[in-house]
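Shown next, in structure tokens, is the structure this report addresses.
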Amino acid sequence: MKIQKGRVVRMHYTLRDESGATIESSGGRDPLTYLHGFGHLITGLEKTLEGAQAGLRTSVTVPPQDAYGEKDPQAVIRAPREDFPEGLTLEPGIEVQADTPDGPISFTVVAIEGDEAVLDANHPLAGKTLTFDVEVLDVREATADEVAHGHVHGAGGAHGHH
Ligand code: ZN
């Protein structure tokens with residue numbers, strides 16, 4: 001059965017950055033199960049998988065615009081240390097939440113410079129060219145409920161809101 005919109009795909013994947021280092025992998029864990037055509041995967045990967053069948057093993061390199069987008073320089077801001085809760089150890093790599101007029105946003109602390117923290121609201125993978133090694137295990141029709149909800153039910157599915 002071919003992969004197309006409204007079908008459920010089970011696959012193993014390994015995500016690597018430009019240097020070949022593994023960022024994330026389903027290896028040794030449950031495979032990823034997703035409903036194709038509903039934006040659960042980045043565009044570049046969904047496009048590659050469209051029309052593929054179980055048994056496909058491939059590697060695809062996706063530029064930022066088909067992955068998590070380019071980095072937005074406006075999303076990098078500075079905030080004085082004193083704006084953070086006392087007792088919070090500010091260090092590069094941690095995530096912090098900030099209230100903005102548009103609601104809470106999460107930032108990654110990218111540097112501490114003097115009395116200021118440099119915060120980045122970009123997706124951690126924004127601006128990166130990503131390589132996915134994928135192995136399609138199986139493809140099935142989604143149920144009417146799954147299509148109505150826009151996600152997979154059952155093993156490996158999104159759950160708890162019914
Ligand atoms: Zn549901």
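Here's how to read the names in the structure tokens: chain A, B, ... by the order shown, residue numbers from 1 in each chain, ligand numbers from 1 in the order shown.
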
Using only C-alpha atoms, which residues sit within 12 Å of segment 42-59 of chain A once same-chain residues fewer than 6 positions away are excluded, as a PyMOL selection string?
-> chain A and resi 1-16+34-36+65-69+125-126+129-140

Residues from last step as file, N, CA and C atoms, as a tab-separated table (two decimals), in the first residue's frame:
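Final file, out07.tsv:
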chain	number	residue	atom	x	y	z
A	1	MET	N	0.84	-1.20	0.00
A	1	MET	CA	0.00	0.00	0.00
A	1	MET	C	0.88	1.25	0.00
A	2	LYS	N	0.51	2.17	-0.86
A	2	LYS	CA	1.32	3.39	-0.99
A	2	LYS	C	1.00	4.42	0.10
A	3	ILE	N	2.00	5.21	0.42
A	3	ILE	CA	1.78	6.29	1.37
A	3	ILE	C	1.07	7.44	0.67
A	4	GLN	N	-0.08	7.82	1.21
A	4	GLN	CA	-0.78	9.01	0.71
A	4	GLN	C	-1.60	9.60	1.84
A	5	LYS	N	-2.15	10.78	1.58
A	5	LYS	CA	-2.92	11.48	2.61
A	5	LYS	C	-4.01	10.57	3.17
A	6	GLY	N	-4.11	10.51	4.51
A	6	GLY	CA	-5.15	9.70	5.12
A	6	GLY	C	-4.72	8.27	5.40
A	7	ARG	N	-3.43	7.97	5.21
A	7	ARG	CA	-2.92	6.65	5.58
A	7	ARG	C	-1.94	6.79	6.75
A	8	VAL	N	-1.88	5.71	7.53
A	8	VAL	CA	-1.04	5.71	8.72
A	8	VAL	C	0.27	4.98	8.41
A	9	VAL	N	1.36	5.62	8.73
A	9	VAL	CA	2.68	5.10	8.40
A	9	VAL	C	3.43	4.79	9.69
A	10	ARG	N	4.07	3.62	9.72
A	10	ARG	CA	4.94	3.28	10.84
A	10	ARG	C	6.35	3.20	10.28
A	11	MET	N	7.27	3.91	10.89
A	11	MET	CA	8.62	3.91	10.35
A	11	MET	C	9.68	4.15	11.41
A	12	HIS	N	10.89	3.70	11.09
A	12	HIS	CA	12.04	4.04	11.92
A	12	HIS	C	12.76	5.18	11.24
A	13	TYR	N	13.36	6.04	12.03
A	13	TYR	CA	14.09	7.17	11.44
A	13	TYR	C	15.28	7.55	12.31
A	14	THR	N	16.26	8.12	11.65
A	14	THR	CA	17.37	8.74	12.37
A	14	THR	C	17.56	10.10	11.74
A	15	LEU	N	17.63	11.11	12.59
A	15	LEU	CA	17.79	12.48	12.14
A	15	LEU	C	19.22	12.92	12.44
A	16	ARG	N	19.90	13.41	11.39
A	16	ARG	CA	21.28	13.85	11.56
A	16	ARG	C	21.46	15.29	11.10
A	34	TYR	N	2.56	7.85	12.32
A	34	TYR	CA	1.93	9.15	12.07
A	34	TYR	C	0.91	9.06	10.95
A	35	LEU	N	0.01	10.03	10.92
A	35	LEU	CA	-1.02	10.13	9.89
A	35	LEU	C	-0.48	11.01	8.78
A	36	HIS	N	-0.31	10.44	7.58
A	36	HIS	CA	0.32	11.16	6.49
A	36	HIS	C	-0.59	12.26	5.94
A	65	GLN	N	14.29	25.59	4.66
A	65	GLN	CA	12.95	26.07	4.28
A	65	GLN	C	11.92	24.95	4.18
A	66	ASP	N	12.37	23.69	4.02
A	66	ASP	CA	11.43	22.56	4.03
A	66	ASP	C	11.47	21.81	5.35
A	67	ALA	N	12.23	22.38	6.31
A	67	ALA	CA	12.33	21.74	7.62
A	67	ALA	C	11.75	22.70	8.67
A	68	TYR	N	12.59	23.28	9.52
A	68	TYR	CA	12.08	24.14	10.59
A	68	TYR	C	12.23	25.62	10.29
A	69	GLY	N	12.50	25.94	9.03
A	69	GLY	CA	12.59	27.35	8.64
A	69	GLY	C	13.95	27.95	8.93
A	125	LEU	N	16.06	23.58	15.81
A	125	LEU	CA	16.54	23.07	14.52
A	125	LEU	C	16.35	24.07	13.38
A	126	ALA	N	15.90	25.30	13.70
A	126	ALA	CA	15.75	26.32	12.66
A	126	ALA	C	17.12	26.62	12.05
A	129	THR	N	20.17	22.34	7.95
A	129	THR	CA	19.90	21.36	6.91
A	129	THR	C	19.94	20.00	7.58
A	130	LEU	N	18.88	19.24	7.43
A	130	LEU	CA	18.73	17.99	8.18
A	130	LEU	C	18.71	16.79	7.25
A	131	THR	N	19.30	15.71	7.70
A	131	THR	CA	19.25	14.47	6.93
A	131	THR	C	18.49	13.42	7.72
A	132	PHE	N	17.52	12.81	7.05
A	132	PHE	CA	16.73	11.74	7.67
A	132	PHE	C	17.04	10.43	6.98
A	133	ASP	N	17.41	9.42	7.76
A	133	ASP	CA	17.47	8.05	7.25
A	133	ASP	C	16.16	7.42	7.68
A	134	VAL	N	15.37	6.96	6.73
A	134	VAL	CA	14.08	6.39	7.10
A	134	VAL	C	13.92	4.97	6.58
A	135	GLU	N	13.16	4.19	7.33
A	135	GLU	CA	12.79	2.84	6.90
A	135	GLU	C	11.29	2.70	7.15
A	136	VAL	N	10.52	2.56	6.08
A	136	VAL	CA	9.07	2.44	6.21
A	136	VAL	C	8.74	0.99	6.55
A	137	LEU	N	8.09	0.79	7.69
A	137	LEU	CA	7.77	-0.57	8.15
A	137	LEU	C	6.43	-1.03	7.61
A	138	ASP	N	5.39	-0.21	7.78
A	138	ASP	CA	4.12	-0.55	7.17
A	138	ASP	C	3.22	0.66	6.97
A	139	VAL	N	2.22	0.45	6.13
A	139	VAL	CA	1.29	1.51	5.76
A	139	VAL	C	-0.12	0.92	5.84
A	140	ARG	N	-1.04	1.62	6.49
A	140	ARG	CA	-2.43	1.15	6.52
A	140	ARG	C	-3.38	2.33	6.32

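As for atom CA of Leu90 of chain A and atom CA of Arg78 of chain A, they are spaced 12.9 Å apart.
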
Residues of chain A in helix (DSSP H, G or I) according to DSSP, as a CSV table (one decimal) with N, CA, C and O atoms, in the first residue's frame?
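Saved result, states-v8.csv, follows:
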chain,number,residue,atom,x,y,z
A,43,THR,N,7.7,19.3,6.0
A,43,THR,CA,7.3,19.3,4.6
A,43,THR,C,8.2,18.4,3.7
A,43,THR,O,7.8,17.6,2.9
A,44,GLY,N,9.5,18.6,3.9
A,44,GLY,CA,10.5,18.0,3.0
A,44,GLY,C,10.5,16.4,3.2
A,44,GLY,O,10.7,15.7,2.2
A,45,LEU,N,10.1,16.0,4.4
A,45,LEU,CA,10.1,14.5,4.6
A,45,LEU,C,8.8,14.0,4.1
A,45,LEU,O,8.7,12.9,3.5
A,46,GLU,N,7.7,14.7,4.3
A,46,GLU,CA,6.4,14.2,3.8
A,46,GLU,C,6.4,14.1,2.3
A,46,GLU,O,5.9,13.1,1.7
A,47,LYS,N,7.0,15.1,1.6
A,47,LYS,CA,7.1,15.0,0.2
A,47,LYS,C,7.9,13.8,-0.3
A,47,LYS,O,7.5,13.2,-1.3
A,48,THR,N,9.0,13.5,0.4
A,48,THR,CA,9.8,12.3,0.0
A,48,THR,C,9.0,11.0,0.2
A,48,THR,O,9.1,10.1,-0.6
A,49,LEU,N,8.2,10.9,1.2
A,49,LEU,CA,7.5,9.7,1.6
A,49,LEU,C,6.2,9.5,0.7
A,49,LEU,O,5.8,8.3,0.6
A,64,PRO,N,16.6,24.0,5.3
A,64,PRO,CA,15.8,24.7,6.3
A,64,PRO,C,14.4,25.1,5.9
A,64,PRO,O,13.5,24.9,6.7
A,65,GLN,N,14.3,25.6,4.7
A,65,GLN,CA,13.0,26.1,4.3
A,65,GLN,C,11.9,25.0,4.2
A,65,GLN,O,10.7,25.2,4.2
A,66,ASP,N,12.4,23.7,4.0
A,66,ASP,CA,11.4,22.6,4.0
A,66,ASP,C,11.5,21.8,5.4
A,66,ASP,O,10.9,20.7,5.5
A,73,PRO,N,16.4,36.4,13.1
A,73,PRO,CA,17.2,37.2,14.1
A,73,PRO,C,16.5,38.0,15.1
A,73,PRO,O,17.0,38.2,16.2
A,74,GLN,N,15.2,38.3,14.7
A,74,GLN,CA,14.4,39.1,15.7
A,74,GLN,C,13.9,38.3,16.9
A,74,GLN,O,13.5,38.8,17.8
A,75,ALA,N,14.1,36.9,16.8
A,75,ALA,CA,13.6,36.1,17.8
A,75,ALA,C,14.7,35.9,18.9
A,75,ALA,O,14.6,35.1,19.8
A,81,ARG,N,19.6,39.5,34.0
A,81,ARG,CA,19.5,38.4,35.0
A,81,ARG,C,18.4,38.6,36.0
A,81,ARG,O,17.8,37.7,36.4
A,82,GLU,N,18.3,39.9,36.5
A,82,GLU,CA,17.4,40.1,37.6
A,82,GLU,C,15.9,39.9,37.2
A,82,GLU,O,15.0,39.8,38.0
A,83,ASP,N,15.6,39.8,35.9
A,83,ASP,CA,14.3,39.4,35.5
A,83,ASP,C,13.9,38.0,35.7
A,83,ASP,O,12.8,37.6,35.5
A,144,ALA,N,-11.9,6.3,10.1
A,144,ALA,CA,-12.6,7.6,9.9
A,144,ALA,C,-12.4,8.5,11.1
A,144,ALA,O,-12.2,9.7,10.9
A,145,ASP,N,-12.3,7.9,12.3
A,145,ASP,CA,-12.0,8.7,13.5
A,145,ASP,C,-10.7,9.4,13.5
A,145,ASP,O,-10.5,10.5,13.8
A,146,GLU,N,-9.7,8.6,13.0
A,146,GLU,CA,-8.3,9.1,12.9
A,146,GLU,C,-8.3,10.3,12.0
A,146,GLU,O,-7.7,11.4,12.3
A,147,VAL,N,-8.9,10.2,10.8
A,147,VAL,CA,-8.9,11.3,9.8
A,147,VAL,C,-9.7,12.5,10.4
A,147,VAL,O,-9.2,13.6,10.3
A,148,ALA,N,-10.8,12.2,11.1
A,148,ALA,CA,-11.6,13.3,11.7
A,148,ALA,C,-10.7,14.1,12.7
A,148,ALA,O,-10.8,15.3,12.9
A,149,HIS,N,-9.9,13.3,13.5
A,149,HIS,CA,-9.1,13.9,14.6
A,149,HIS,C,-7.8,14.5,14.0
A,149,HIS,O,-7.1,15.2,14.7

Return the single residue from A:Gly39, A:Gly154, A:Asp30, A:Phe84 that is closest to Asp115 of chain A, with distances computed using only C-alpha atoms.
-> A:Phe84

Give the strand (DSSP E or B) residues of segment 4-139 of chain A, as assigned by DSSP on the backbone, as number ranges by chain.
-> A: 7-16, 22-25, 32-35, 53, 57-62, 76-80, 95-100, 103-113, 116-120, 130-139

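When atom CA of Glu18 of chain A is paired with atom CA of Val60 of chain A, their separation reads 12.1 Å.
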
Within 12 Å of Val76 of chain A, counting only C-alpha atoms, which residues qualify if same-chain residues fewer than 6 places away don't, as a ChimeraX atom specification?
-> /A:106-111,117-123

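In this structure, atom CA of Asp17 of chain A sits 20.2 Å away from atom CA of Arg29 of chain A.
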
Lys71 of chain A proximity check over A:His40, A:Lys128, A:Gly157, A:Ala142, using only C-alpha atoms: winner is A:Lys128
